[in-house]
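Pasting upload35.pdb here (PDB, C-alpha atoms):
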ATOM      1  CA  MET A   1       6.568   6.947  38.918  1.00  0.00           C
ATOM      2  CA  GLN A   2       6.643   4.225  41.566  1.00  0.00           C
ATOM      3  CA  LEU A   3       9.612   1.846  41.836  1.00  0.00           C
ATOM      4  CA  LEU A   4       9.428  -1.599  43.429  1.00  0.00           C
ATOM      5  CA  ALA A   5      12.506  -3.754  44.026  1.00  0.00           C
ATOM      6  CA  ASP A   6      13.650  -6.798  45.980  1.00  0.00           C
ATOM      7  CA  VAL A   7      16.988  -6.342  47.750  1.00  0.00           C
ATOM      8  CA  SER A   8      19.041  -8.847  49.751  1.00  0.00           C
ATOM      9  CA  ILE A   9      21.450  -7.704  52.468  1.00  0.00           C
ATOM     10  CA  GLU A  10      24.791  -9.301  53.360  1.00  0.00           C
ATOM     11  CA  ASN A  11      27.422  -8.623  56.066  1.00  0.00           C
ATOM     12  CA  ASN A  12      29.797  -5.631  56.272  1.00  0.00           C
ATOM     13  CA  ILE A  13      27.453  -3.112  54.751  1.00  0.00           C
ATOM     14  CA  ASP A  14      27.989   0.643  54.850  1.00  0.00           C
ATOM     15  CA  PHE A  15      24.429   1.591  55.783  1.00  0.00           C
ATOM     16  CA  ASP A  16      25.342   5.253  56.264  1.00  0.00           C
ATOM     17  CA  GLY A  17      26.794   5.420  52.747  1.00  0.00           C
ATOM     18  CA  MET A  18      23.756   3.673  51.283  1.00  0.00           C
ATOM     19  CA  ILE A  19      21.372   6.006  53.025  1.00  0.00           C
ATOM     20  CA  ALA A  20      23.388   9.022  51.883  1.00  0.00           C
ATOM     21  CA  ARG A  21      23.299   7.851  48.248  1.00  0.00           C
ATOM     22  CA  LEU A  22      19.562   7.176  48.407  1.00  0.00           C
ATOM     23  CA  GLU A  23      18.967  10.566  50.009  1.00  0.00           C
ATOM     24  CA  ALA A  24      20.987  12.173  47.209  1.00  0.00           C
ATOM     25  CA  LEU A  25      18.537  10.616  44.736  1.00  0.00           C
ATOM     26  CA  ASP A  26      15.492  11.918  46.592  1.00  0.00           C
ATOM     27  CA  GLY A  27      13.906  14.823  44.769  1.00  0.00           C
ATOM     28  CA  LYS A  28      16.020  14.440  41.620  1.00  0.00           C
ATOM     29  CA  GLN A  29      14.245  14.918  38.320  1.00  0.00           C
ATOM     30  CA  VAL A  30      15.186  13.628  34.903  1.00  0.00           C
ATOM     31  CA  THR A  31      13.809  15.449  31.892  1.00  0.00           C
ATOM     32  CA  ALA A  32      14.134  14.859  28.175  1.00  0.00           C
ATOM     33  CA  GLY A  33      12.786  16.924  25.327  1.00  0.00           C
ATOM     34  CA  VAL A  34      13.381  20.215  23.548  1.00  0.00           C
ATOM     35  CA  PHE A  35      13.886  23.035  26.026  1.00  0.00           C
ATOM     36  CA  SER A  36      14.948  26.252  24.327  1.00  0.00           C
ATOM     37  CA  GLY A  37      15.125  28.277  21.164  1.00  0.00           C
ATOM     38  CA  PHE A  38      13.031  28.058  18.044  1.00  0.00           C
ATOM     39  CA  ASN A  39      13.204  24.249  18.082  1.00  0.00           C
ATOM     40  CA  ALA A  40      11.326  24.296  21.402  1.00  0.00           C
ATOM     41  CA  LYS A  41       8.548  26.319  19.748  1.00  0.00           C
ATOM     42  CA  LYS A  42       8.388  23.892  16.842  1.00  0.00           C
ATOM     43  CA  ALA A  43       8.273  20.986  19.289  1.00  0.00           C
ATOM     44  CA  MET A  44       5.373  22.630  21.147  1.00  0.00           C
ATOM     45  CA  TRP A  45       3.493  23.214  17.870  1.00  0.00           C
ATOM     46  CA  ASN A  46       3.987  19.555  16.959  1.00  0.00           C
ATOM     47  CA  GLU A  47       3.034  18.300  20.402  1.00  0.00           C
ATOM     48  CA  TYR A  48      -0.189  20.309  20.722  1.00  0.00           C
ATOM     49  CA  GLY A  49      -1.013  21.542  17.216  1.00  0.00           C
ATOM     50  CA  THR A  50      -1.757  25.154  16.343  1.00  0.00           C
ATOM     51  CA  ALA A  51      -4.805  27.359  15.888  1.00  0.00           C
ATOM     52  CA  ARG A  52      -3.622  27.864  12.297  1.00  0.00           C
ATOM     53  CA  GLY A  53      -4.514  24.283  11.366  1.00  0.00           C
ATOM     54  CA  MET A  54      -1.455  22.233  12.198  1.00  0.00           C
ATOM     55  CA  PRO A  55      -2.703  19.037  13.887  1.00  0.00           C
ATOM     56  CA  ALA A  56      -1.192  17.740  17.097  1.00  0.00           C
ATOM     57  CA  ARG A  57       1.540  15.152  16.709  1.00  0.00           C
ATOM     58  CA  PRO A  58       2.178  14.369  20.394  1.00  0.00           C
ATOM     59  CA  PHE A  59       5.588  12.747  20.236  1.00  0.00           C
ATOM     60  CA  LEU A  60       6.430  13.527  23.879  1.00  0.00           C
ATOM     61  CA  ARG A  61       3.162  12.341  25.397  1.00  0.00           C
ATOM     62  CA  MET A  62       3.117   9.226  23.204  1.00  0.00           C
ATOM     63  CA  THR A  63       6.649   8.394  24.298  1.00  0.00           C
ATOM     64  CA  LEU A  64       5.732   8.819  27.953  1.00  0.00           C
ATOM     65  CA  TYR A  65       2.573   6.698  27.715  1.00  0.00           C
ATOM     66  CA  GLU A  66       4.315   3.945  25.746  1.00  0.00           C
ATOM     67  CA  ASN A  67       7.499   3.771  27.860  1.00  0.00           C
ATOM     68  CA  GLU A  68       6.767   4.799  31.452  1.00  0.00           C
ATOM     69  CA  SER A  69       6.537   1.246  32.795  1.00  0.00           C
ATOM     70  CA  LYS A  70       9.608   0.186  30.767  1.00  0.00           C
ATOM     71  CA  TRP A  71      11.585   3.085  32.259  1.00  0.00           C
ATOM     72  CA  SER A  72      10.467   2.093  35.753  1.00  0.00           C
ATOM     73  CA  ARG A  73      11.647  -1.480  35.231  1.00  0.00           C
ATOM     74  CA  ALA A  74      14.936  -0.365  33.660  1.00  0.00           C
ATOM     75  CA  ILE A  75      15.818   2.053  36.449  1.00  0.00           C
ATOM     76  CA  VAL A  76      15.294  -0.384  39.350  1.00  0.00           C
ATOM     77  CA  PRO A  77      18.690  -2.130  38.903  1.00  0.00           C
ATOM     78  CA  LYS A  78      20.385   1.267  38.634  1.00  0.00           C
ATOM     79  CA  VAL A  79      18.788   2.446  41.880  1.00  0.00           C
ATOM     80  CA  ALA A  80      19.711  -0.872  43.523  1.00  0.00           C
ATOM     81  CA  ALA A  81      23.309  -0.297  42.350  1.00  0.00           C
ATOM     82  CA  LEU A  82      23.394   2.694  44.700  1.00  0.00           C
ATOM     83  CA  PHE A  83      23.695   0.118  47.475  1.00  0.00           C
ATOM     84  CA  ASN A  84      26.933  -1.094  45.909  1.00  0.00           C
ATOM     85  CA  GLY A  85      28.551   2.300  45.480  1.00  0.00           C
ATOM     86  CA  SER A  86      27.046   3.591  42.244  1.00  0.00           C
ATOM     87  CA  ASN A  87      26.301   7.314  42.243  1.00  0.00           C
ATOM     88  CA  VAL A  88      23.197   9.360  41.535  1.00  0.00           C
ATOM     89  CA  GLN A  89      24.670  10.813  38.330  1.00  0.00           C
ATOM     90  CA  GLU A  90      24.914   7.308  36.857  1.00  0.00           C
ATOM     91  CA  VAL A  91      21.242   6.664  37.648  1.00  0.00           C
ATOM     92  CA  THR A  92      19.927   9.954  36.275  1.00  0.00           C
ATOM     93  CA  SER A  93      22.171   9.889  33.192  1.00  0.00           C
ATOM     94  CA  PHE A  94      21.054   6.367  32.346  1.00  0.00           C
ATOM     95  CA  LEU A  95      17.391   7.337  32.525  1.00  0.00           C
ATOM     96  CA  GLY A  96      17.859  10.591  30.606  1.00  0.00           C
ATOM     97  CA  VAL A  97      19.648   8.850  27.747  1.00  0.00           C
ATOM     98  CA  ARG A  98      16.988   6.127  27.628  1.00  0.00           C
ATOM     99  CA  MET A  99      14.195   8.726  27.544  1.00  0.00           C
ATOM    100  CA  ALA A 100      15.865  10.707  24.734  1.00  0.00           C
ATOM    101  CA  GLN A 101      16.379   7.533  22.677  1.00  0.00           C
ATOM    102  CA  ASP A 102      12.727   6.587  23.082  1.00  0.00           C
ATOM    103  CA  ILE A 103      11.577  10.076  22.039  1.00  0.00           C
ATOM    104  CA  ARG A 104      13.677   9.784  18.872  1.00  0.00           C
ATOM    105  CA  THR A 105      12.201   6.345  18.200  1.00  0.00           C
ATOM    106  CA  THR A 106       8.657   7.706  18.522  1.00  0.00           C
ATOM    107  CA  ILE A 107       9.456  10.515  16.095  1.00  0.00           C
ATOM    108  CA  ARG A 108      11.078   8.121  13.592  1.00  0.00           C
ATOM    109  CA  LYS A 109       8.081   5.775  13.723  1.00  0.00           C
ATOM    110  CA  GLY A 110       6.032   8.755  12.572  1.00  0.00           C
ATOM    111  CA  ASP A 111       2.722   7.255  13.675  1.00  0.00           C
ATOM    112  CA  PHE A 112       1.034  10.671  13.451  1.00  0.00           C
ATOM    113  CA  VAL A 113      -1.433  12.601  11.330  1.00  0.00           C
ATOM    114  CA  ALA A 114      -0.043  12.756   7.801  1.00  0.00           C
ATOM    115  CA  LEU A 115       1.600  15.941   6.593  1.00  0.00           C
ATOM    116  CA  ALA A 116      -0.253  18.173   4.166  1.00  0.00           C
ATOM    117  CA  PRO A 117       0.690  17.660   0.493  1.00  0.00           C
ATOM    118  CA  ALA A 118       2.182  21.173   0.324  1.00  0.00           C
ATOM    119  CA  THR A 119       4.372  20.394   3.352  1.00  0.00           C
ATOM    120  CA  ILE A 120       5.544  17.115   1.830  1.00  0.00           C
ATOM    121  CA  HIS A 121       6.412  18.950  -1.391  1.00  0.00           C
ATOM    122  CA  ARG A 122       8.338  21.654   0.511  1.00  0.00           C
ATOM    123  CA  LYS A 123      10.215  19.165   2.724  1.00  0.00           C
ATOM    124  CA  GLY A 124      10.754  16.548   0.042  1.00  0.00           C
ATOM    125  CA  HIS A 125       9.522  13.725   2.294  1.00  0.00           C
ATOM    126  CA  SER A 126       6.467  12.710   4.300  1.00  0.00           C
ATOM    127  CA  GLN A 127       8.133  12.206   7.684  1.00  0.00           C
ATOM    128  CA  PRO A 128       6.559  14.552  10.266  1.00  0.00           C
TER     129      PRO A 128
END
Write the structure described by the file as structure tokens, please.
Amino acid sequence: MQLLADVSIENNIDFDGMIARLEALDGKQVTAGVFSGFNAKKAMWNEYGTARGMPARPFLRMTLYENESKWSRAIVPKVAALFNGSNVQEVTSFLGVRMAQDIRTTIRKGDFVALAPATIHRKGHSQP
């Protein structure tokens, strides 16, 4: 993801501190999703489908495609805040929370292949 920002500089600036905070951000990754246990398997089956006939319901990829540019725009002020003393944890936490919220929104929208009638009957609702 590429970030573009306009920054103005005033007097009495701690350039060493700024550089250190920016360097601390370099190489950081923010991830959101389902990472372990049986829920991770179910998430993978939903994301890619199965050979046993379950169609793909790509909630992670859809979220990424629909929100990547929004995330880029939202994170720019947080990265710029590093110049004013903010820390890397604030930047990464902000983005992680935003990503998780958007994944939940994509799932709730449920804009996926409909569930099979037997699945709807078993679950008691049609929400994938």
Around stretch 102-106 of chain A, with edges along x, y and z and 4 Å added on all six sides, what centre and edge lengths do you get, in Å to one decimal, as JSON?
{"center_x": 11.2, "center_y": 8.2, "center_z": 20.6, "size_x": 13.0, "size_y": 11.7, "size_z": 12.9}
Around the point (12.3, 7.7, 25.4) (coordinates from the file), which residues reach within 10 Å if we count only C-alpha atoms? Answer as a VMD selection string. chain A and resid 32 to 33 59 to 60 62 to 64 66 to 68 70 to 71 95 to 106
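Between atom CA of A:Ser93 and atom CA of A:Gly110 lies a distance of 26.2 Å.
Our summary of the geometry notes that atom CA of A:Glu47 is positioned 25.8 Å from atom CA of A:Ala74.
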By how many Å are atom CA of A:Gln29 and atom CA of A:Asp6 apart? 23.0 Å
For this structure, which residues satisfy the selection - the PyMOL selection byres ((chain A and resi 91) around 10) - when it is evaluated on the file as given? I want them as a count of residues only. 20
A:Gln127 surroundings by only C-alpha atoms, 8 Å radius, close-in-sequence under 2 positions cut, as a list in words: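 Result of the neighbour search: Arg108, Gly110, Leu115 and His125 of chain A.
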Save the residues we just selected, C-alpha atoms, as a tab-separated table (two decimals), in the frame of the given file?
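This is the output file result_10.tsv:
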chain	number	residue	atom	x	y	z
A	108	ARG	CA	11.08	8.12	13.59
A	110	GLY	CA	6.03	8.76	12.57
A	115	LEU	CA	1.60	15.94	6.59
A	125	HIS	CA	9.52	13.72	2.29
Pick the closest to A:Leu4 from A:Lys109, A:Lys42, A:Arg73, A:His121: which is it, counting all atoms listed in the file? A:Arg73
Quick one: residues within 9 Å of A:Pro128, all atoms listed in the file, excluding same-chain residues fewer than 4 positions away - as JSON, numbers by chain? {"A": [46, 57, 107, 108, 110, 111, 112, 113, 114, 115, 120]}
Can you turn the PyMOL selection byres ((chain A and resi 45) around 12) into a concrete residue list for this file, as a CSV table (one decimal) with C-alpha atoms, in the coordinates of the input?
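Just written: expr.csv:
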chain,number,residue,atom,x,y,z
A,34,VAL,CA,13.4,20.2,23.5
A,38,PHE,CA,13.0,28.1,18.0
A,39,ASN,CA,13.2,24.2,18.1
A,40,ALA,CA,11.3,24.3,21.4
A,41,LYS,CA,8.5,26.3,19.7
A,42,LYS,CA,8.4,23.9,16.8
A,43,ALA,CA,8.3,21.0,19.3
A,44,MET,CA,5.4,22.6,21.1
A,46,ASN,CA,4.0,19.6,17.0
A,47,GLU,CA,3.0,18.3,20.4
A,48,TYR,CA,-0.2,20.3,20.7
A,49,GLY,CA,-1.0,21.5,17.2
A,50,THR,CA,-1.8,25.2,16.3
A,51,ALA,CA,-4.8,27.4,15.9
A,52,ARG,CA,-3.6,27.9,12.3
A,53,GLY,CA,-4.5,24.3,11.4
A,54,MET,CA,-1.5,22.2,12.2
A,55,PRO,CA,-2.7,19.0,13.9
A,56,ALA,CA,-1.2,17.7,17.1
A,57,ARG,CA,1.5,15.2,16.7
A,58,PRO,CA,2.2,14.4,20.4
A,59,PHE,CA,5.6,12.7,20.2
A,60,LEU,CA,6.4,13.5,23.9
A,128,PRO,CA,6.6,14.6,10.3
So that I can check the surroundings of A:Gly85, please list as a list in words every protein, DNA and RNA residue that reaches within 9 Å of it, counting all atoms listed in the file and ignoring chain neighbours fewer than 4 positions away. Gly17, Met18, Arg21 and Ala81 of chain A
Can you give me N, CA and C atoms for stretch 48-68 of chain A, written as an mmCIF file, in the frame of the given file?
data_model
loop_
_atom_site.group_PDB
_atom_site.id
_atom_site.type_symbol
_atom_site.label_atom_id
_atom_site.label_comp_id
_atom_site.auth_asym_id
_atom_site.auth_seq_id
_atom_site.Cartn_x
_atom_site.Cartn_y
_atom_site.Cartn_z
ATOM 1 N N TYR A 48 1.189 19.889 20.431
ATOM 2 C CA TYR A 48 -0.189 20.309 20.722
ATOM 3 C C TYR A 48 -0.974 20.794 19.510
ATOM 4 N N GLY A 49 -0.334 20.980 18.373
ATOM 5 C CA GLY A 49 -1.013 21.542 17.216
ATOM 6 C C GLY A 49 -1.086 23.056 17.354
ATOM 7 N N THR A 50 -1.640 23.694 16.323
ATOM 8 C CA THR A 50 -1.757 25.154 16.343
ATOM 9 C C THR A 50 -3.164 25.571 15.944
ATOM 10 N N ALA A 51 -3.508 26.792 16.283
ATOM 11 C CA ALA A 51 -4.805 27.359 15.888
ATOM 12 C C ALA A 51 -4.848 27.621 14.391
ATOM 13 N N ARG A 52 -3.691 27.605 13.736
ATOM 14 C CA ARG A 52 -3.622 27.864 12.297
ATOM 15 C C ARG A 52 -3.784 26.587 11.477
ATOM 16 N N GLY A 53 -4.175 25.496 12.104
ATOM 17 C CA GLY A 53 -4.514 24.283 11.366
ATOM 18 C C GLY A 53 -3.515 23.151 11.423
ATOM 19 N N MET A 54 -2.409 23.339 12.079
ATOM 20 C CA MET A 54 -1.455 22.233 12.198
ATOM 21 C C MET A 54 -1.963 21.259 13.257
ATOM 22 N N PRO A 55 -2.177 19.995 12.900
ATOM 23 C CA PRO A 55 -2.703 19.037 13.887
ATOM 24 C C PRO A 55 -1.631 18.640 14.907
ATOM 25 N N ALA A 56 -2.108 18.203 16.048
ATOM 26 C CA ALA A 56 -1.192 17.740 17.097
ATOM 27 C C ALA A 56 -0.527 16.441 16.661
ATOM 28 N N ARG A 57 0.755 16.367 16.915
ATOM 29 C CA ARG A 57 1.540 15.152 16.709
ATOM 30 C C ARG A 57 2.318 14.936 18.007
ATOM 31 N N PRO A 58 1.644 14.385 19.017
ATOM 32 C CA PRO A 58 2.178 14.369 20.394
ATOM 33 C C PRO A 58 3.294 13.351 20.639
ATOM 34 N N PHE A 59 4.458 13.667 20.115
ATOM 35 C CA PHE A 59 5.588 12.747 20.236
ATOM 36 C C PHE A 59 6.081 12.592 21.677
ATOM 37 N N LEU A 60 5.983 13.635 22.486
ATOM 38 C CA LEU A 60 6.430 13.527 23.879
ATOM 39 C C LEU A 60 5.449 12.726 24.721
ATOM 40 N N ARG A 61 4.166 13.070 24.607
ATOM 41 C CA ARG A 61 3.162 12.341 25.397
ATOM 42 C C ARG A 61 3.085 10.888 24.979
ATOM 43 N N MET A 62 3.155 10.623 23.664
ATOM 44 C CA MET A 62 3.117 9.226 23.204
ATOM 45 C C MET A 62 4.290 8.442 23.767
ATOM 46 N N THR A 63 5.461 9.063 23.767
ATOM 47 C CA THR A 63 6.649 8.394 24.298
ATOM 48 C C THR A 63 6.471 8.075 25.778
ATOM 49 N N LEU A 64 5.960 9.038 26.524
ATOM 50 C CA LEU A 64 5.732 8.819 27.953
ATOM 51 C C LEU A 64 4.750 7.675 28.180
ATOM 52 N N TYR A 65 3.602 7.723 27.513
ATOM 53 C CA TYR A 65 2.573 6.698 27.715
ATOM 54 C C TYR A 65 3.077 5.310 27.323
ATOM 55 N N GLU A 66 3.853 5.238 26.238
ATOM 56 C CA GLU A 66 4.315 3.945 25.746
ATOM 57 C C GLU A 66 5.499 3.371 26.535
ATOM 58 N N ASN A 67 6.237 4.220 27.260
ATOM 59 C CA ASN A 67 7.499 3.771 27.860
ATOM 60 C C ASN A 67 7.609 3.919 29.366
ATOM 61 N N GLU A 68 6.640 4.528 30.021
ATOM 62 C CA GLU A 68 6.767 4.799 31.452
ATOM 63 C C GLU A 68 7.049 3.539 32.263
#
